[in-house]
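A quick write-up on the structure given underneath.
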Amino acid sequence: MIKVRALSKEFDMRDNGAGVLALSDIDFEVHDNEFVTIIGPSGCGKTTLLRIIAGLIPYDQGEVAIDGRAITGPGPERAVVFQNFALMPWADVLANITFGLEVRGTPPNECRDKARDLIRLVGLEGFEKRLPKELSGGMQQRVGLARALAVNPQILLMDEPFGALDEQTRRLLQEQLLQLWEEQRKTVVFVTHSMDEAVMLGDRVMLMTPRPGRVKEMIDVPLQRPRSPQVEKSTAFVEIKEYLWENLRAMQVGES
Amino acid sequence: MKQETVAKAAGNSSPARPVDRLWVLRRFTRENAPEVLALLAGAALWEVLGWSLGLQWLPPFSKVMEALAQFVASGVIVANLGSSLQGLIVGFSLALILGLFLGSLMGRYRPVEKALDIYVHAFFVCPSIVFAPIFFAIFGLSDAARIAIVVVYAMFVIVINTATAIRTVDPSLVEMARSFGCGEAQIFRRILLPASLPLVFAGIRLGVGRAVKGMINGEMLIAFVGLGALAQRYGAQFDAAKVFAVAMVVLVIGLVSNSLVQILENRLTRWTE
Amino acid sequence: MKKRIVVDWSLRLAVFIAAVGLWELFVSTSQNFLLPRFTDVARGFFHLLFSEARFWEALYISNQALILGFAISVVIGIPLGLLAGRFRWMDRLLNPYVGVLLTMPVAPLIPIVIIALGLGIAARVFIVVLFAFVFITVNTRAGVRGVEASLIEMAKSFGASEGQIWRRIVIPGAMPAIFAGMRIGLGRAITGMVMVELILVASGLGRLLLEFSGRMQSDLVFATVLAVIIEALALLAGMQALEKRITRWAPDISIG
């Protein structure tokens, strides 16, 4: 269970010493086994928020606690999936997947076995020895996902993981992610730009406003699980999506 | 998902190539025909001008080849080549160790970079030969002086390339490693080192070229052994053919060492685009 | 921002002081009585500048070769580079020779130049040209090749003639690379000047160095070397400033 209370984060701008308030007074909770998507216009700090929860950057005020304990850095209960995949270009698929396990000192046999299971899970059999440059974007992200799952985290933190992919690949990966999630219901915090994605994947959608980043609203998505592609045509889906767009549009138009 | 995999597999198939030396040579000449022709034409022109003009400083190409053959046969080349190469190898190894070490520190730690950057830049930019009189004063007419010159020639390009290589490692890779709980040492070993390899090798290749120049320039100045001394001696004897021959040997050394590094580089960085 | 500059320069000063300290230590513990102290060198340097007319004479003689040689290198190098960049056949013809001249040390050829041209200024100028012009050619060629084909196409679509394309597209577009080439060529020309001085030792700074080392005045040897280093750095800094001014819009793609 992730609890965020009164979180603030400021970045130093070099030139004139003034700071930029990226996040202000963020307050929300993510329950165990819940899939929460975060959406907001550019500059609302959603990626910053995710990186704070991941323990990659420090925060200035407030509290971020996981199961009651405040976080002080990255931890074994959390794993991140990155937008630009962050695969080591010099290592093959297998080595990339076992990276997290190796770093934690897992014996090589165990690493390999675990990796093979995951390769099967994400559908990359036969590609164990391939280098990232030989894979398509979608395949590379599946490697990134496998790597995150390999360390068996409680919480999966996903930073616009399908943002760098074309629409078709994106939809396929969304379906696959949902399938995987049905089998092992991890707690997921998923940052996205796409309203379709936010509603399709999440149990709740967190809507953020920019400059400084604030939580505007937590929107329930009462659509049935497991979600199929058909759900996009349902009234509830369309309504929620419209609601999101109205708000997002107002934020952007207000900007210009 | 299936279509994706099929398409990718098709695009990545590389046909098995027969490892046929003659075939490789034929392909090389076919692709580089104009360049090869240009070189042959140049050699021919050299030959003609050498005979027709009869200048002391321009012997015909064949005479140069003759001198070269003589070197190899008489063993003159071996002794001098040996000392030259010794100086080159020792000097380059030192430059490599110092350069990689300093470059890594500068690339990783900003205070180190800021403290040393103007000095490294100054050393890199000014003509390295000016240090020859200084090393001569410190070490006298010795191997140490020659080796020191090679080090100064080669080291700084390695420092700069290594520092840049480490500094420009994709930050998201470092972040990824940290997200899995990597400590400083692990990040260096598992991410920074392999990721910086391509650029570091570029520096090493440049460094090898510079080292060869340092070797010969140093020897021509502190001319008591090596190919540089030979060049000076034959120059004093007004034997242009022999001097050209020595220059060719130096050229070959440069080409061979460059190729060696290139081969190693290709093997270790097969994963780059 | 200001604070950062102060910190940086304090670090550099600290390194300088440490280096001088080590130097003094090394000299005082060394058996080699020819090794000058830092203070001796500093004193010798000012002596050269203010009380030694022959220093300025030597500087003048040496720089004659530099200026003439560099000017000739530019006059030969740039047109060759332009031609190689524009005409593929010319490029392929020159390519192997350029390659040889780039990688081969020029120094062994100096005795041959002496045989041909004697020990006078002609030989010195020729050697400077030999050292420098290839780098100017190579960078100029890269600059011409680097001009976006789409720009040339655009010009043609507006009916521009060959001459106009050269004047308004190719040459301005290649300017950054041409200037980078001149900067690198200048560095090489200085190397050539120094090389020939030290090997020929018939005139200029080389002769001065020989005299000083013959008379065991190593402090003056060091001081002269220091003067050369300062001149080289000053000239190159000047060239770089000029380059930055003329080419504010371009990224760095220099060769050498």
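All residue names refer to the structure tokens as shown: chains lettered A, B, ... in order, residues numbered from 1 in each chain, ligands numbered from 1 in order.
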
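Neighbouring residues of C:Gly181 at 10 Å or closer, counting only C-alpha atoms and skipping chain neighbours under 5 positions away, are C:Val74, C:Gly77, C:Ile78, C:Ala132, C:Phe133, C:Val134, C:Phe135, C:Ile136, C:Thr137, C:Val138, C:Asn139, C:Thr140, C:Arg141, C:Ala142, C:Gly143, C:Met175, C:Pro176, C:Leu186, C:Gly187, C:Ser254, C:Ile255, C:Gly256.
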
Writing out the chosen residues with N, CA and C atoms as a JSON list (two decimals), in the first residue's frame:
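The resulting file, again08.json, is shown below:
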[["chain", "number", "residue", "atom", "x", "y", "z"],
["C", 74, "VAL", "N", 46.18, 27.36, -46.26],
["C", 74, "VAL", "CA", 44.79, 27.75, -46.43],
["C", 74, "VAL", "C", 44.46, 27.92, -47.91],
["C", 77, "GLY", "N", 44.63, 24.36, -49.31],
["C", 77, "GLY", "CA", 43.75, 23.41, -48.66],
["C", 77, "GLY", "C", 42.27, 23.62, -48.91],
["C", 78, "ILE", "N", 41.81, 24.86, -48.81],
["C", 78, "ILE", "CA", 40.38, 25.09, -48.94],
["C", 78, "ILE", "C", 39.85, 24.77, -50.34],
["C", 132, "ALA", "N", 50.22, 21.06, -42.31],
["C", 132, "ALA", "CA", 48.91, 21.65, -42.08],
["C", 132, "ALA", "C", 47.83, 21.42, -43.14],
["C", 133, "PHE", "N", 48.21, 21.45, -44.42],
["C", 133, "PHE", "CA", 47.15, 21.62, -45.42],
["C", 133, "PHE", "C", 46.15, 20.47, -45.50],
["C", 134, "VAL", "N", 46.62, 19.24, -45.22],
["C", 134, "VAL", "CA", 45.70, 18.10, -45.33],
["C", 134, "VAL", "C", 44.49, 18.25, -44.40],
["C", 135, "PHE", "N", 44.77, 18.74, -43.20],
["C", 135, "PHE", "CA", 43.68, 18.86, -42.23],
["C", 135, "PHE", "C", 42.66, 19.90, -42.66],
["C", 136, "ILE", "N", 43.16, 20.95, -43.30],
["C", 136, "ILE", "CA", 42.23, 21.97, -43.80],
["C", 136, "ILE", "C", 41.38, 21.37, -44.92],
["C", 137, "THR", "N", 42.04, 20.62, -45.82],
["C", 137, "THR", "CA", 41.32, 20.00, -46.92],
["C", 137, "THR", "C", 40.24, 19.05, -46.42],
["C", 138, "VAL", "N", 40.63, 18.18, -45.50],
["C", 138, "VAL", "CA", 39.70, 17.17, -45.01],
["C", 138, "VAL", "C", 38.47, 17.78, -44.35],
["C", 139, "ASN", "N", 38.69, 18.78, -43.53],
["C", 139, "ASN", "CA", 37.55, 19.40, -42.87],
["C", 139, "ASN", "C", 36.68, 20.20, -43.83],
["C", 140, "THR", "N", 37.33, 20.86, -44.80],
["C", 140, "THR", "CA", 36.55, 21.61, -45.79],
["C", 140, "THR", "C", 35.67, 20.65, -46.58],
["C", 141, "ARG", "N", 36.26, 19.51, -46.98],
["C", 141, "ARG", "CA", 35.50, 18.53, -47.73],
["C", 141, "ARG", "C", 34.31, 18.03, -46.92],
["C", 142, "ALA", "N", 34.56, 17.74, -45.64],
["C", 142, "ALA", "CA", 33.48, 17.27, -44.79],
["C", 142, "ALA", "C", 32.38, 18.33, -44.70],
["C", 143, "GLY", "N", 32.80, 19.58, -44.64],
["C", 143, "GLY", "CA", 31.83, 20.67, -44.56],
["C", 143, "GLY", "C", 30.96, 20.74, -45.78],
["C", 175, "MET", "N", 30.92, 26.69, -43.86],
["C", 175, "MET", "CA", 31.77, 27.58, -43.05],
["C", 175, "MET", "C", 32.22, 27.02, -41.71],
["C", 176, "PRO", "N", 31.32, 26.48, -40.90],
["C", 176, "PRO", "CA", 31.76, 25.97, -39.60],
["C", 176, "PRO", "C", 32.88, 24.95, -39.74],
["C", 186, "LEU", "N", 45.94, 25.30, -38.01],
["C", 186, "LEU", "CA", 46.84, 26.23, -37.32],
["C", 186, "LEU", "C", 47.65, 25.49, -36.27],
["C", 187, "GLY", "N", 46.97, 24.63, -35.52],
["C", 187, "GLY", "CA", 47.67, 23.82, -34.53],
["C", 187, "GLY", "C", 48.76, 22.98, -35.17],
["C", 254, "SER", "N", 34.27, 18.53, -36.08],
["C", 254, "SER", "CA", 35.61, 18.66, -36.66],
["C", 254, "SER", "C", 36.37, 17.34, -36.71],
["C", 255, "ILE", "N", 37.32, 17.25, -37.65],
["C", 255, "ILE", "CA", 38.14, 16.06, -37.83],
["C", 255, "ILE", "C", 39.57, 16.42, -37.51],
["C", 256, "GLY", "N", 40.16, 15.68, -36.63],
["C", 256, "GLY", "CA", 41.56, 15.94, -36.27],
["C", 256, "GLY", "C", 41.67, 16.26, -34.80]]

Taking only C-alpha atoms into account, report as a CSV table (one decimal) with C-alpha atoms, in the first residue's frame which residues of chain B lie within 8 Å of chain C.
chain,number,residue,atom,x,y,z
B,34,PRO,CA,39.3,4.4,-58.1
B,35,GLU,CA,41.4,4.7,-54.9
B,36,VAL,CA,43.7,1.7,-55.9
B,38,ALA,CA,44.9,6.6,-57.9
B,39,LEU,CA,47.7,5.0,-55.8
B,56,GLN,CA,68.6,14.3,-55.8
B,57,TRP,CA,65.6,14.4,-53.5
B,111,PRO,CA,35.1,18.4,-9.4
B,114,LYS,CA,36.5,21.1,-13.5
B,115,ALA,CA,39.9,21.1,-11.8
B,116,LEU,CA,41.8,19.5,-14.6
B,118,ILE,CA,41.9,23.6,-18.8
B,122,ALA,CA,46.1,23.0,-23.0
B,125,VAL,CA,46.0,21.5,-28.1
B,126,CYS,CA,49.6,22.7,-28.0
B,127,PRO,CA,52.2,20.9,-30.2
B,128,SER,CA,53.4,18.0,-28.1
B,129,ILE,CA,56.8,18.2,-29.6
B,130,VAL,CA,57.6,21.3,-27.5
B,131,PHE,CA,57.9,19.0,-24.5
B,133,PRO,CA,63.5,19.7,-25.0
B,134,ILE,CA,62.0,19.4,-21.5
B,137,ALA,CA,66.7,18.1,-20.0
B,138,ILE,CA,65.2,15.8,-17.4
B,209,GLY,CA,48.2,7.2,-34.3
B,212,VAL,CA,53.4,6.5,-33.6
B,213,LYS,CA,53.9,10.1,-34.4
B,216,ILE,CA,59.1,9.0,-34.7
B,217,ASN,CA,59.2,12.7,-33.8
B,220,MET,CA,64.2,12.4,-34.8
B,221,LEU,CA,65.0,14.9,-32.1
B,228,GLY,CA,64.2,8.4,-36.4
B,231,ALA,CA,66.2,8.9,-41.0
B,232,GLN,CA,68.5,11.6,-39.7
B,235,GLY,CA,69.4,12.5,-44.5
B,236,ALA,CA,72.8,13.7,-43.5
B,238,PHE,CA,71.8,12.8,-48.8
B,240,ALA,CA,66.8,10.3,-50.3
B,243,VAL,CA,64.9,8.2,-46.1
B,244,PHE,CA,61.7,7.5,-48.1
B,246,VAL,CA,62.2,4.6,-43.6
B,247,ALA,CA,59.2,6.9,-43.9
B,250,VAL,CA,56.8,4.2,-40.3
B,251,LEU,CA,53.7,4.5,-42.4
B,254,GLY,CA,51.0,3.3,-38.2
B,255,LEU,CA,48.6,1.4,-40.5

Check your understanding: For chain B against chain A, which residues fall within 6 Å using only C-alpha atoms, given as a PyMOL selection string?
Key -> chain B and resi 172-173+179-181+271

Same residues, C-alpha atoms, output as a PDB file, in the first residue's frame:
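After the write, selection-v9.pdb holds the following:
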ATOM      1  CA  SER B 172      18.385   6.445 -18.237  1.00  0.00           C
ATOM      2  CA  LEU B 173      20.629   3.368 -18.136  1.00  0.00           C
ATOM      3  CA  SER B 179      16.227   1.452  -9.633  1.00  0.00           C
ATOM      4  CA  PHE B 180      17.386  -2.142  -9.215  1.00  0.00           C
ATOM      5  CA  GLY B 181      19.512  -1.159  -6.245  1.00  0.00           C
ATOM      6  CA  TRP B 271      26.459  -4.395 -30.267  1.00  0.00           C
TER       7      TRP B 271
END

Write out as a CSV table (one decimal) with N, CA and C atoms, in the first residue's frame all residues of stretch 186-271 of chain B that backbone DSSP assigns to alpha helix (DSSP H).
chain,number,residue,atom,x,y,z
B,186,GLN,N,28.9,-1.0,-8.7
B,186,GLN,CA,28.2,-1.8,-9.6
B,186,GLN,C,27.8,-1.0,-10.9
B,187,ILE,N,27.4,0.2,-10.7
B,187,ILE,CA,27.0,1.1,-11.8
B,187,ILE,C,28.2,1.2,-12.7
B,193,LEU,N,31.2,1.2,-17.8
B,193,LEU,CA,32.3,0.6,-18.5
B,193,LEU,C,31.9,0.1,-19.9
B,194,PRO,N,30.9,-0.8,-20.0
B,194,PRO,CA,30.5,-1.3,-21.3
B,194,PRO,C,29.9,-0.2,-22.2
B,195,ALA,N,29.1,0.7,-21.6
B,195,ALA,CA,28.5,1.8,-22.4
B,195,ALA,C,29.5,2.7,-23.0
B,196,SER,N,30.6,3.0,-22.3
B,196,SER,CA,31.6,3.9,-22.8
B,196,SER,C,32.6,3.4,-23.8
B,197,LEU,N,32.5,2.0,-24.0
B,197,LEU,CA,33.5,1.4,-24.8
B,197,LEU,C,33.7,1.9,-26.2
B,198,PRO,N,32.6,2.2,-27.0
B,198,PRO,CA,32.8,2.7,-28.3
B,198,PRO,C,33.6,4.0,-28.4
B,199,LEU,N,33.3,5.0,-27.6
B,199,LEU,CA,34.0,6.2,-27.6
B,199,LEU,C,35.4,6.1,-27.1
B,200,VAL,N,35.5,5.2,-26.0
B,200,VAL,CA,36.9,5.0,-25.5
B,200,VAL,C,37.8,4.4,-26.5
B,201,PHE,N,37.2,3.5,-27.3
B,201,PHE,CA,38.0,2.9,-28.4
B,201,PHE,C,38.4,3.9,-29.5
B,202,ALA,N,37.5,4.9,-29.8
B,202,ALA,CA,37.8,5.9,-30.7
B,202,ALA,C,39.0,6.7,-30.2
B,203,GLY,N,39.0,7.0,-28.9
B,203,GLY,CA,40.2,7.6,-28.3
B,203,GLY,C,41.4,6.8,-28.4
B,204,ILE,N,41.3,5.5,-28.2
B,204,ILE,CA,42.5,4.6,-28.2
B,204,ILE,C,43.0,4.6,-29.6
B,205,ARG,N,42.2,4.5,-30.6
B,205,ARG,CA,42.6,4.5,-32.0
B,205,ARG,C,43.4,5.8,-32.3
B,206,LEU,N,42.8,6.9,-32.0
B,206,LEU,CA,43.5,8.2,-32.2
B,206,LEU,C,44.8,8.2,-31.4
B,207,GLY,N,44.8,7.6,-30.2
B,207,GLY,CA,46.0,7.6,-29.4
B,207,GLY,C,47.1,6.8,-30.0
B,208,VAL,N,46.7,5.7,-30.6
B,208,VAL,CA,47.8,4.9,-31.3
B,208,VAL,C,48.4,5.7,-32.4
B,209,GLY,N,47.6,6.4,-33.2
B,209,GLY,CA,48.2,7.2,-34.3
B,209,GLY,C,49.1,8.2,-33.7
B,210,ARG,N,48.7,8.9,-32.6
B,210,ARG,CA,49.5,9.9,-32.0
B,210,ARG,C,50.8,9.3,-31.4
B,211,ALA,N,50.6,8.1,-30.9
B,211,ALA,CA,51.8,7.5,-30.3
B,211,ALA,C,52.9,7.2,-31.3
B,212,VAL,N,52.4,6.7,-32.5
B,212,VAL,CA,53.4,6.5,-33.6
B,212,VAL,C,54.1,7.8,-34.0
B,213,LYS,N,53.3,8.9,-34.1
B,213,LYS,CA,53.9,10.1,-34.4
B,213,LYS,C,54.9,10.6,-33.3
B,214,GLY,N,54.5,10.4,-32.1
B,214,GLY,CA,55.4,10.7,-31.0
B,214,GLY,C,56.7,9.9,-31.0
B,215,MET,N,56.5,8.7,-31.3
B,215,MET,CA,57.7,7.8,-31.4
B,215,MET,C,58.7,8.4,-32.4
B,216,ILE,N,58.2,8.6,-33.6
B,216,ILE,CA,59.1,9.0,-34.7
B,216,ILE,C,59.6,10.5,-34.5
B,217,ASN,N,58.7,11.4,-34.1
B,217,ASN,CA,59.2,12.7,-33.8
B,217,ASN,C,60.2,12.8,-32.7
B,218,GLY,N,59.9,12.0,-31.7
B,218,GLY,CA,60.8,12.0,-30.5
B,218,GLY,C,62.2,11.5,-31.0
B,219,GLU,N,62.1,10.4,-31.8
B,219,GLU,CA,63.4,9.8,-32.2
B,219,GLU,C,64.2,10.7,-33.1
B,220,MET,N,63.5,11.5,-33.9
B,220,MET,CA,64.2,12.4,-34.8
B,220,MET,C,64.9,13.5,-34.1
B,221,LEU,N,64.4,13.8,-32.9
B,221,LEU,CA,65.0,14.9,-32.1
B,221,LEU,C,66.1,14.3,-31.3
B,226,GLY,N,66.8,3.9,-33.1
B,226,GLY,CA,65.5,3.8,-33.7
B,226,GLY,C,65.4,4.3,-35.1
B,227,LEU,N,64.2,4.3,-35.7
B,227,LEU,CA,64.0,4.7,-37.1
B,227,LEU,C,64.3,6.2,-37.3
B,228,GLY,N,64.0,7.0,-36.2
B,228,GLY,CA,64.2,8.4,-36.4
B,228,GLY,C,65.7,8.7,-36.6
B,229,ALA,N,66.5,8.0,-35.8
B,229,ALA,CA,67.9,8.1,-36.0
B,229,ALA,C,68.4,7.7,-37.4
B,230,LEU,N,67.8,6.6,-37.9
B,230,LEU,CA,68.1,6.2,-39.2
B,230,LEU,C,67.8,7.3,-40.2
B,231,ALA,N,66.6,7.9,-40.1
B,231,ALA,CA,66.2,8.9,-41.0
B,231,ALA,C,67.2,10.1,-41.0
B,232,GLN,N,67.5,10.4,-39.8
B,232,GLN,CA,68.5,11.6,-39.7
B,232,GLN,C,69.8,11.2,-40.4
B,233,ARG,N,70.3,10.0,-40.1
B,233,ARG,CA,71.6,9.6,-40.6
B,233,ARG,C,71.6,9.6,-42.2
B,234,TYR,N,70.6,9.0,-42.7
B,234,TYR,CA,70.5,8.9,-44.2
B,234,TYR,C,70.3,10.3,-44.8
B,235,GLY,N,69.5,11.1,-44.0
B,235,GLY,CA,69.4,12.5,-44.5
B,235,GLY,C,70.7,13.2,-44.6
B,236,ALA,N,71.5,13.0,-43.5
B,236,ALA,CA,72.8,13.7,-43.5
B,236,ALA,C,73.7,13.1,-44.7
B,240,ALA,N,68.2,10.1,-50.3
B,240,ALA,CA,66.8,10.3,-50.3
B,240,ALA,C,66.0,8.9,-50.4
B,241,ALA,N,66.5,8.0,-51.2
B,241,ALA,CA,65.8,6.8,-51.3
B,241,ALA,C,65.7,6.1,-50.0
B,242,LYS,N,66.7,6.0,-49.2
B,242,LYS,CA,66.7,5.4,-47.9
B,242,LYS,C,65.8,6.1,-46.9
B,243,VAL,N,65.8,7.4,-47.0
B,243,VAL,CA,64.9,8.2,-46.1
B,243,VAL,C,63.4,7.9,-46.4
B,244,PHE,N,63.1,7.9,-47.7
B,244,PHE,CA,61.7,7.5,-48.1
B,244,PHE,C,61.4,6.1,-47.6
B,245,ALA,N,62.3,5.2,-47.7
B,245,ALA,CA,62.1,3.9,-47.3
B,245,ALA,C,61.8,3.8,-45.8
B,246,VAL,N,62.5,4.6,-45.0
B,246,VAL,CA,62.2,4.6,-43.6
B,246,VAL,C,60.9,5.2,-43.4
B,247,ALA,N,60.5,6.2,-44.1
B,247,ALA,CA,59.2,6.9,-43.9
B,247,ALA,C,58.1,5.8,-44.2
B,248,MET,N,58.3,5.0,-45.2
B,248,MET,CA,57.3,4.0,-45.5
B,248,MET,C,57.2,3.0,-44.4
B,249,VAL,N,58.3,2.6,-43.8
B,249,VAL,CA,58.2,1.7,-42.7
B,249,VAL,C,57.4,2.3,-41.6
B,250,VAL,N,57.6,3.5,-41.3
B,250,VAL,CA,56.8,4.2,-40.3
B,250,VAL,C,55.3,4.2,-40.6
B,251,LEU,N,55.1,4.5,-41.9
B,251,LEU,CA,53.7,4.5,-42.4
B,251,LEU,C,53.0,3.1,-42.1
B,252,VAL,N,53.8,2.1,-42.4
B,252,VAL,CA,53.3,0.7,-42.2
B,252,VAL,C,53.0,0.5,-40.8
B,253,ILE,N,53.9,0.9,-39.9
B,253,ILE,CA,53.7,0.7,-38.5
B,253,ILE,C,52.4,1.4,-38.1
B,254,GLY,N,52.2,2.6,-38.6
B,254,GLY,CA,51.0,3.3,-38.2
B,254,GLY,C,49.7,2.6,-38.7
B,255,LEU,N,49.8,2.1,-39.9
B,255,LEU,CA,48.6,1.4,-40.5
B,255,LEU,C,48.3,0.1,-39.7
B,256,VAL,N,49.4,-0.7,-39.4
B,256,VAL,CA,49.2,-1.9,-38.7
B,256,VAL,C,48.6,-1.7,-37.3
B,257,SER,N,49.2,-0.8,-36.6
B,257,SER,CA,48.7,-0.6,-35.2
B,257,SER,C,47.3,-0.1,-35.2
B,258,ASN,N,46.9,0.8,-36.2
B,258,ASN,CA,45.6,1.2,-36.3
B,258,ASN,C,44.6,0.1,-36.6
B,259,SER,N,45.0,-0.8,-37.5
B,259,SER,CA,44.2,-2.0,-37.8
B,259,SER,C,44.0,-2.9,-36.7
B,260,LEU,N,45.1,-3.1,-35.9
B,260,LEU,CA,45.0,-4.0,-34.7
B,260,LEU,C,43.9,-3.5,-33.8
B,261,VAL,N,44.0,-2.2,-33.5
B,261,VAL,CA,43.0,-1.6,-32.6
B,261,VAL,C,41.6,-1.7,-33.1
B,262,GLN,N,41.5,-1.5,-34.4
B,262,GLN,CA,40.2,-1.5,-35.1
B,262,GLN,C,39.6,-2.9,-35.0
B,263,ILE,N,40.4,-4.0,-35.2
B,263,ILE,CA,40.0,-5.3,-35.0
B,263,ILE,C,39.4,-5.6,-33.6
B,264,LEU,N,40.2,-5.2,-32.7
B,264,LEU,CA,39.8,-5.4,-31.3
B,264,LEU,C,38.5,-4.7,-31.0
B,265,GLU,N,38.5,-3.4,-31.5
B,265,GLU,CA,37.3,-2.6,-31.3
B,265,GLU,C,36.1,-3.3,-31.9
B,266,ASN,N,36.2,-3.8,-33.1
B,266,ASN,CA,35.0,-4.4,-33.8
B,266,ASN,C,34.5,-5.6,-33.0
B,267,ARG,N,35.5,-6.3,-32.5
B,267,ARG,CA,35.1,-7.5,-31.7
B,267,ARG,C,34.3,-7.1,-30.4
B,268,LEU,N,34.8,-6.1,-29.7
B,268,LEU,CA,34.2,-5.8,-28.5
B,268,LEU,C,33.0,-4.9,-28.6

Practice item. Please provide the set of residues having any atom within 12 Å of C:Ala65, restricted to only C-alpha atoms, with same-chain residues fewer than 2 positions apart removed, written as a PyMOL selection string. Key: chain C and resi 58-63+67-73+120-129+189-197+203-205

Point to revise | Which residue of C:Ala42, C:Ala53, C:Ala223, C:Ile178 approaches C:Glu243 most closely, using only C-alpha atoms | key: C:Ile178

Review point. Any idea what the distance is between atom CA of A:Leu149 and atom CA of A:Thr192?
Key: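 Atom-to-atom, atom CA of A:Leu149 and atom CA of A:Thr192 are spaced 19.7 Å apart.
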